[in-house]
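A.B. asks: Just one file: target_24.tsv, with TSV, C-alpha atoms and all ligand atoms.
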```
chain	number	residue	atom	x	y	z
A	39	MET	CA	63.00	112.72	142.88
A	40	ARG	CA	63.87	114.85	139.85
A	41	LYS	CA	63.79	118.63	140.16
A	42	ASN	CA	61.80	120.35	137.42
A	43	ILE	CA	63.79	122.50	135.03
A	44	LEU	CA	62.26	125.32	133.00
A	45	CYS	CA	64.28	126.89	130.23
A	46	ALA	CA	63.23	129.96	128.27
A	47	ASN	CA	64.59	129.80	124.73
A	48	TRP	CA	64.64	133.36	123.42
A	49	LYS	CA	65.72	132.27	119.93
A	50	MET	CA	66.84	135.30	117.85
A	51	ASN	CA	64.75	137.83	119.73
A	52	LYS	CA	65.34	141.03	121.74
A	53	THR	CA	67.75	143.90	121.53
A	54	TYR	CA	70.45	144.36	124.14
A	55	SER	CA	68.41	146.87	126.15
A	56	GLU	CA	65.28	144.70	125.95
A	57	ALA	CA	67.36	141.79	127.20
A	58	GLN	CA	68.63	143.86	130.14
A	59	ASP	CA	65.08	144.96	131.01
A	60	TYR	CA	63.92	141.33	130.98
A	61	PHE	CA	66.50	140.31	133.58
A	62	LYS	CA	65.71	143.31	135.77
A	63	GLU	CA	61.99	142.45	135.63
A	64	LEU	CA	62.50	138.71	136.20
A	65	LEU	CA	64.83	139.33	139.12
A	66	SER	CA	62.37	141.73	140.73
A	67	MET	CA	59.90	138.84	141.06
A	68	ASP	CA	59.82	136.41	143.90
A	69	LEU	CA	60.90	133.20	142.16
A	70	PRO	CA	60.82	129.79	143.89
A	71	GLY	CA	64.35	128.95	142.73
A	72	SER	CA	64.96	126.26	145.32
A	73	GLN	CA	62.09	124.18	143.94
A	74	VAL	CA	62.74	124.48	140.21
A	75	ASP	CA	65.85	125.03	138.09
A	76	ILE	CA	65.44	128.21	136.07
A	77	VAL	CA	67.40	128.72	132.85
A	78	VAL	CA	67.27	131.51	130.30
A	79	ALA	CA	68.90	130.59	126.97
A	80	VAL	CA	69.95	133.84	125.36
A	81	PRO	CA	71.65	134.75	122.08
A	82	ASP	CA	75.46	134.68	122.60
A	83	LEU	CA	75.67	138.46	122.27
A	84	PHE	CA	73.79	138.85	125.56
A	85	ALA	CA	75.53	136.04	127.44
A	86	LYS	CA	77.98	138.11	129.49
A	87	MET	CA	75.37	140.71	130.38
A	88	ALA	CA	72.90	137.95	131.32
A	89	LEU	CA	75.51	136.33	133.58
A	90	ASP	CA	76.28	139.68	135.24
A	91	GLU	CA	72.61	140.59	135.72
A	92	SER	CA	71.71	137.20	137.18
A	93	GLU	CA	74.78	136.79	139.39
A	94	GLY	CA	73.87	135.61	142.87
A	95	SER	CA	70.30	134.75	141.82
A	96	ASP	CA	68.63	131.41	141.09
A	97	ILE	CA	68.63	132.10	137.36
A	98	LYS	CA	71.12	130.10	135.29
A	99	ILE	CA	72.22	131.22	131.87
A	100	GLY	CA	72.25	129.05	128.79
A	101	VAL	CA	72.88	129.57	125.09
A	102	GLN	CA	71.09	128.11	122.10
A	103	ASN	CA	73.99	126.62	120.18
A	104	ALA	CA	77.78	126.24	120.25
A	105	TYR	CA	80.50	124.96	117.96
A	106	PRO	CA	82.16	121.74	119.13
A	107	LYS	CA	85.80	122.68	118.49
A	108	GLU	CA	88.26	124.42	120.81
A	109	SER	CA	89.18	127.18	118.37
A	110	GLY	CA	90.14	127.68	114.74
A	111	SER	CA	88.88	128.71	111.36
A	112	PHE	CA	85.13	128.51	111.89
A	113	THR	CA	84.03	131.98	110.89
A	114	GLY	CA	81.00	133.22	112.75
A	115	GLU	CA	80.90	130.43	115.33
A	116	THR	CA	81.38	130.45	119.11
A	117	SER	CA	83.25	127.59	120.76
A	118	VAL	CA	81.89	125.45	123.55
A	119	SER	CA	85.08	126.14	125.51
A	120	ALA	CA	84.73	129.94	125.26
A	121	LEU	CA	81.15	129.70	126.53
A	122	ALA	CA	82.18	127.44	129.41
A	123	ASP	CA	84.98	129.83	130.33
A	124	LEU	CA	82.49	132.70	130.43
A	125	GLY	CA	80.33	130.81	132.95
A	126	ILE	CA	77.55	129.48	130.75
A	127	GLU	CA	75.98	126.37	132.29
A	128	TYR	CA	73.50	125.08	129.70
A	129	VAL	CA	73.63	124.69	125.93
A	130	ILE	CA	70.58	123.82	123.84
A	131	VAL	CA	71.69	121.24	121.28
A	132	GLY	CA	69.77	119.88	118.32
A	133	HIS	CA	66.82	122.24	118.43
A	134	SER	CA	64.55	121.43	115.48
A	135	GLU	CA	65.26	124.87	114.01
A	136	ARG	CA	68.98	124.01	113.94
A	137	ARG	CA	68.22	120.57	112.49
A	138	GLU	CA	65.93	122.00	109.79
A	139	ILE	CA	67.19	125.47	108.89
A	140	PHE	CA	70.89	124.78	109.41
A	141	ASN	CA	70.81	121.13	108.30
A	142	GLU	CA	72.42	119.84	111.49
A	143	SER	CA	72.80	116.08	111.42
A	144	ASP	CA	72.53	113.70	114.36
A	145	ALA	CA	76.29	113.12	114.04
A	146	PHE	CA	77.08	116.84	114.36
A	147	ILE	CA	74.60	117.18	117.24
A	148	ASN	CA	76.38	114.27	118.92
A	149	GLU	CA	79.73	116.10	118.57
A	150	LYS	CA	78.16	119.07	120.30
A	151	VAL	CA	76.72	116.96	123.14
A	152	LEU	CA	80.16	115.42	123.74
A	153	ALA	CA	81.91	118.81	123.64
A	154	VAL	CA	79.40	120.41	126.01
A	155	PHE	CA	79.85	117.60	128.55
A	156	GLU	CA	83.62	117.75	128.14
A	157	GLN	CA	83.53	121.41	129.13
A	158	GLY	CA	81.47	120.62	132.24
A	159	MET	CA	78.26	122.20	130.95
A	160	THR	CA	74.83	120.62	130.56
A	161	PRO	CA	73.40	119.93	127.13
A	162	ILE	CA	69.66	120.26	126.62
A	163	LEU	CA	69.35	117.72	123.82
A	164	CYS	CA	66.23	118.38	121.75
A	165	VAL	CA	64.41	115.57	120.01
A	166	GLY	CA	60.99	115.34	118.44
A	167	GLU	CA	58.99	114.13	115.48
A	168	SER	CA	57.57	116.06	112.52
A	169	LEU	CA	53.84	116.08	111.80
A	170	GLU	CA	54.33	113.56	108.99
A	171	GLN	CA	56.23	111.23	111.32
A	172	LYS	CA	53.55	111.62	114.00
A	173	GLU	CA	50.81	110.77	111.51
A	174	LYS	CA	52.70	107.65	110.46
A	175	GLY	CA	52.91	106.58	114.11
A	176	GLU	CA	56.69	106.99	114.14
A	177	THR	CA	57.15	109.23	117.18
A	178	LYS	CA	58.79	106.60	119.37
A	179	LYS	CA	61.06	105.39	116.59
A	180	VAL	CA	62.16	108.94	115.71
A	181	VAL	CA	62.92	110.08	119.25
A	182	ASN	CA	64.70	106.82	120.06
A	183	GLU	CA	66.92	107.20	117.05
A	184	GLN	CA	67.70	110.83	117.86
A	185	ILE	CA	68.54	109.86	121.45
A	186	GLU	CA	70.74	106.95	120.44
A	187	LYS	CA	72.66	108.95	117.83
A	188	GLY	CA	72.80	112.09	119.96
A	189	LEU	CA	74.29	110.22	122.92
A	190	THR	CA	76.87	108.09	121.07
A	191	GLY	CA	80.05	107.98	123.12
A	192	VAL	CA	78.61	109.85	126.11
A	193	GLN	CA	80.04	108.38	129.31
A	194	ALA	CA	77.68	106.91	131.89
A	195	GLU	CA	79.09	109.32	134.49
A	196	ASP	CA	77.71	112.28	132.49
A	197	ILE	CA	74.25	110.90	131.81
A	198	SER	CA	72.61	111.90	135.08
A	199	GLN	CA	73.34	115.55	134.19
A	200	LEU	CA	71.65	115.28	130.80
A	201	VAL	CA	68.50	117.26	130.06
A	202	VAL	CA	66.35	116.16	127.12
A	203	GLY	CA	63.85	118.48	125.49
A	204	TYR	CA	61.01	116.50	123.91
A	205	GLU	CA	59.70	118.92	121.35
A	206	PRO	CA	57.24	117.69	118.73
A	207	VAL	CA	58.24	119.83	115.74
A	208	TRP	CA	54.61	120.47	114.74
A	209	ALA	CA	53.92	122.02	118.16
A	210	ILE	CA	56.78	124.55	118.15
A	211	GLY	CA	55.50	128.10	117.77
A	212	THR	CA	52.20	126.87	116.30
A	213	GLY	CA	49.85	127.20	119.24
A	214	LYS	CA	49.23	123.44	118.97
A	215	THR	CA	50.44	121.24	121.78
A	216	ALA	CA	50.91	117.55	122.31
A	217	SER	CA	48.30	116.12	124.66
A	218	ASP	CA	49.49	115.40	128.19
A	219	GLU	CA	49.34	111.71	127.35
A	220	GLU	CA	51.40	112.13	124.16
A	221	ALA	CA	54.06	114.07	126.09
A	222	GLN	CA	54.08	111.41	128.81
A	223	GLN	CA	54.40	108.56	126.30
A	224	ALA	CA	57.18	110.20	124.31
A	225	ALA	CA	59.08	111.06	127.51
A	226	ALA	CA	58.61	107.47	128.72
A	227	ALA	CA	60.00	106.16	125.41
A	228	ILE	CA	63.02	108.46	125.76
A	229	ARG	CA	63.63	107.27	129.31
A	230	GLU	CA	63.31	103.62	128.26
A	231	LYS	CA	65.84	104.19	125.49
A	232	ILE	CA	68.30	105.79	127.91
A	233	ALA	CA	67.76	102.87	130.31
A	234	GLU	CA	68.53	100.44	127.48
A	235	LEU	CA	71.69	102.38	126.56
A	236	TYR	CA	72.90	102.92	130.15
A	237	SER	CA	70.81	101.71	133.10
A	238	GLN	CA	67.39	102.26	134.61
A	239	GLU	CA	69.01	103.98	137.56
A	240	LEU	CA	70.74	106.55	135.35
A	241	ALA	CA	67.70	106.98	133.11
A	242	ASP	CA	65.65	107.80	136.19
A	243	GLU	CA	67.95	110.74	136.90
A	244	VAL	CA	67.65	112.34	133.45
A	245	ARG	CA	65.27	115.27	133.26
A	246	ILE	CA	62.96	115.37	130.27
A	247	GLN	CA	61.26	118.64	129.35
A	248	TYR	CA	58.22	119.12	127.17
A	249	GLY	CA	58.43	121.92	124.60
A	250	GLY	CA	55.93	123.15	122.03
A	251	SER	CA	53.52	126.03	122.64
A	252	ALA	CA	53.69	125.56	126.40
A	253	ASN	CA	52.31	128.53	128.35
A	254	PRO	CA	51.27	129.48	131.88
A	255	GLU	CA	47.85	127.87	131.40
A	256	ASN	CA	48.95	124.47	130.11
A	257	ILE	CA	52.38	123.93	131.72
A	258	GLY	CA	50.87	122.54	134.94
A	259	SER	CA	49.24	119.58	133.22
A	260	PHE	CA	52.46	118.69	131.36
A	261	LEU	CA	54.43	118.83	134.60
A	262	ALA	CA	51.86	116.59	136.27
A	263	GLN	CA	53.00	113.76	133.98
A	264	THR	CA	55.40	111.50	135.84
A	265	ASN	CA	57.95	111.42	133.02
A	266	VAL	CA	57.90	115.17	132.29
A	267	ASP	CA	60.31	117.15	134.43
A	268	GLY	CA	60.13	120.63	133.03
A	269	GLY	CA	59.55	122.73	129.98
A	270	LEU	CA	61.49	124.25	127.12
A	271	ILE	CA	59.62	127.46	126.48
A	272	GLY	CA	59.80	129.60	123.37
A	273	GLY	CA	57.14	132.28	122.88
A	274	ALA	CA	55.81	132.25	126.44
A	275	GLY	CA	59.34	132.71	127.81
A	276	LEU	CA	59.90	135.98	125.99
A	277	GLU	CA	57.99	138.03	128.55
A	278	ALA	CA	59.47	137.97	132.05
A	279	ALA	CA	56.00	138.05	133.63
A	280	SER	CA	54.73	135.04	131.72
A	281	PHE	CA	57.94	133.05	132.29
A	282	ALA	CA	57.74	133.90	136.00
A	283	GLN	CA	54.15	132.62	136.09
A	284	MET	CA	55.32	129.30	134.62
A	285	ILE	CA	58.15	129.09	137.15
A	286	LYS	CA	55.63	129.52	139.94
A	287	VAL	CA	53.47	126.71	138.52
A	288	ALA	CA	56.53	124.44	138.30
B	1	LIG	C1	61.03	126.16	121.32
B	1	LIG	O1	61.44	126.92	120.48
B	1	LIG	O2	61.82	125.38	121.87
B	1	LIG	C2	59.61	126.17	121.66
B	1	LIG	C3	59.12	125.22	122.39
B	1	LIG	O3	58.88	127.25	121.19
B	1	LIG	P1	57.34	127.58	121.55
B	1	LIG	O4	57.20	127.46	123.03
B	1	LIG	O5	57.14	129.00	121.07
B	1	LIG	O6	56.50	126.60	120.82
```
Transcribe the structure of this file into structure tokens.
C.D. replies:
Amino acid sequence: MRKNILCANWKMNKTYSEAQDYFKELLSMDLPGSQVDIVVAVPDLFAKMALDESEGSDIKIGVQNAYPKESGSFTGETSVSALADLGIEYVIVGHSERREIFNESDAFINEKVLAVFEQGMTPILCVGESLEQKEKGETKKVVNEQIEKGLTGVQAEDISQLVVGYEPVWAIGTGKTASDEEAQQAAAAIREKIAELYSQELADEVRIQYGGSANPENIGSFLAQTNVDGGLIGGAGLEAASFAQMIKVA
């Protein structure tokens, strides 16, 4: 039985004081943390504060990116090892905004997945098709390829910890969502691919989130799909009250 995992992805939003207020508000709510894993993926600048604010609670802190080298001349980047040392538990890897705006390749995303696992953290590996690919009927092919390339070299012993975010690119921040059935089918294809690469037993342990304009009203029907085990939430995760509502549904 997989435990649902909801992750709010703040992207590049909020000031420091707004970020502090969010944690105070979220923590003041009665969250069913034993039934669902709750993650807030903050900008790196807020990571230490977020860890301090959420200490002792059911809220886990993630970040939205990391650089897959120990240290060195990588101006402006933050290493996976520094984030792990700070106490970060989750790293979003391969978000479509990183793939598109920052030209991240599957090979680079794979380096990040390996580095995140090596540091004992959990990658949330994002995959998903563009509108053009969806219209050509290529969703399964695209997500399978992203999974295969993203997981190259990942040891079987790490796979059960993996979280995959299935995020159709055309649904992110657009108000459009995949249908429940589309989310279920894509998640099933991802699980089949992982089973082919590792084993059915391991694939059955991987949690697959749906992401793309999910909100308190629609999250319940995504989570009702047998292959969907959570949500990666952008816009609707920016307000503590709306994220809390989604946590309660999950
Ligand atoms: C995201 O950025 O991962 C996302 C799913 O955003 P939104 O919920 O706003 O579509």
A.B. asks: Contacts of A:Leu89 at 8 Å or less, counting all atoms listed in the file, minus same-chain residues fewer than 6 places along, as a PyMOL selection string?
C.D. replies: chain A and resi 98-99+125-126
A.B. asks: Skipping near chain neighbours, those fewer than 4 positions away, what residues fall within 7 Å of A:Val202 using all atoms listed in the file, listed as a PyMOL selection string?
C.D. replies: chain A and resi 162-164+245-247
A.B. asks: To one decimal in Å, tell me the separation between atom CA of A:Leu65 and atom CA of A:Thr53.
C.D. replies: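 Calculated distance between atom CA of A:Leu65 and atom CA of A:Thr53 is 18.4 Å.
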A.B. asks: Taking all atoms listed in the file into account, name the residue in A:Glu93, A:Tyr54, A:Ala46, A:Ala145 that is nearest to ligand LIG 1 (chain B).
C.D. replies: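 Answer, going by the shortest atom-to-atom distance: A:Ala46.
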A.B. asks: Check which residues fall inside 7 Å of ligand LIG 1 (chain B) when counting only C-alpha atoms and all ligand atoms, and print them as a PyMOL selection string.
C.D. replies: chain A and resi 47+49+133+205+209-213+249-252+270-274
A.B. asks: So which one's closest to A:Asp196, A:Asn42, A:Gln184, A:Thr160, A:Gln58? Using all atoms listed in the file, please.
C.D. replies: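 Among A:Asn42, A:Gln184, A:Thr160, A:Gln58, it is A:Thr160 that comes nearest to A:Asp196.
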A.B. asks: A:Ala221, A:Ile257, A:Leu83, A:Ile228: which is nearest A:Ser55, counting only C-alpha atoms?
C.D. replies: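 Closest candidate: A:Leu83.
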A.B. asks: So that I can check the surroundings of stretch 117-122 of chain A, please list as JSON, numbers by chain every protein, DNA and RNA residue that reaches within 10 Å of it, counting only C-alpha atoms and ignoring chain neighbours fewer than 6 positions away.
C.D. replies: {"A": [82, 85, 86, 100, 101, 103, 104, 105, 106, 107, 108, 109, 110, 128, 129, 150, 151, 153, 154, 155, 156, 157, 158, 159]}
A.B. asks: Report the distance between atom CA of A:Gly188 and atom CA of A:Tyr236 in Å, rounded to one decimal place.
C.D. replies: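 Computing it gives 13.7 Å between the two atoms.
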A.B. asks: If I take atom CA of A:Arg137 and atom CA of A:Gln171, how far is one from the other in Å, to one decimal?
C.D. replies: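 Straight-line distance from atom CA of A:Arg137 to atom CA of A:Gln171 works out to 15.2 Å.
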A.B. asks: Identify the residues around (60.0, 120.6, 134.5) within a radius of 9 Å, measuring from all atoms listed in the file in the coordinates stated by the file, and give them as number ranges by chain.
C.D. replies: A: 40-45, 74-75, 245-248, 257, 260-261, 266-270, 288
A.B. asks: With only C-alpha atoms as the basis for distance, which of A:Glu230, A:Gly203, A:Leu276, A:Leu152 is at the shortest distance from A:Lys52?
C.D. replies: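 Under the stated criterion, the closest residue is A:Leu276.
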A.B. asks: Can you pull out the residues contacting A:Ser134? Cut-off 9 Å, using only C-alpha atoms, and skip same-chain residues under 4 positions away; I want them as a PyMOL selection string.
C.D. replies: chain A and resi 138-139+142+164-166+205-207+210
A.B. asks: Nearest residue to A:Val192 out of A:Thr215, A:Asn148, A:Gln222, A:Asn256, using only C-alpha atoms?
C.D. replies: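 Using only C-alpha atoms, the shortest distance to A:Val192 belongs to A:Asn148.
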A.B. asks: Taking only C-alpha atoms into account, name the residue in A:Met67, A:Val180, A:Met39, A:Ile197 that is nearest to A:Lys286.
C.D. replies: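 Between A:Met67, A:Val180, A:Met39, A:Ile197, the residue approaching A:Lys286 most closely is A:Met67.
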A.B. asks: I'd like the contact shell of A:Leu69 - 10 Å cut-off, all atoms listed in the file, skipping same-chain residues fewer than 5 positions apart - returned as a PyMOL selection string.
C.D. replies: chain A and resi 64+74+76+95-97+282-283+285-286
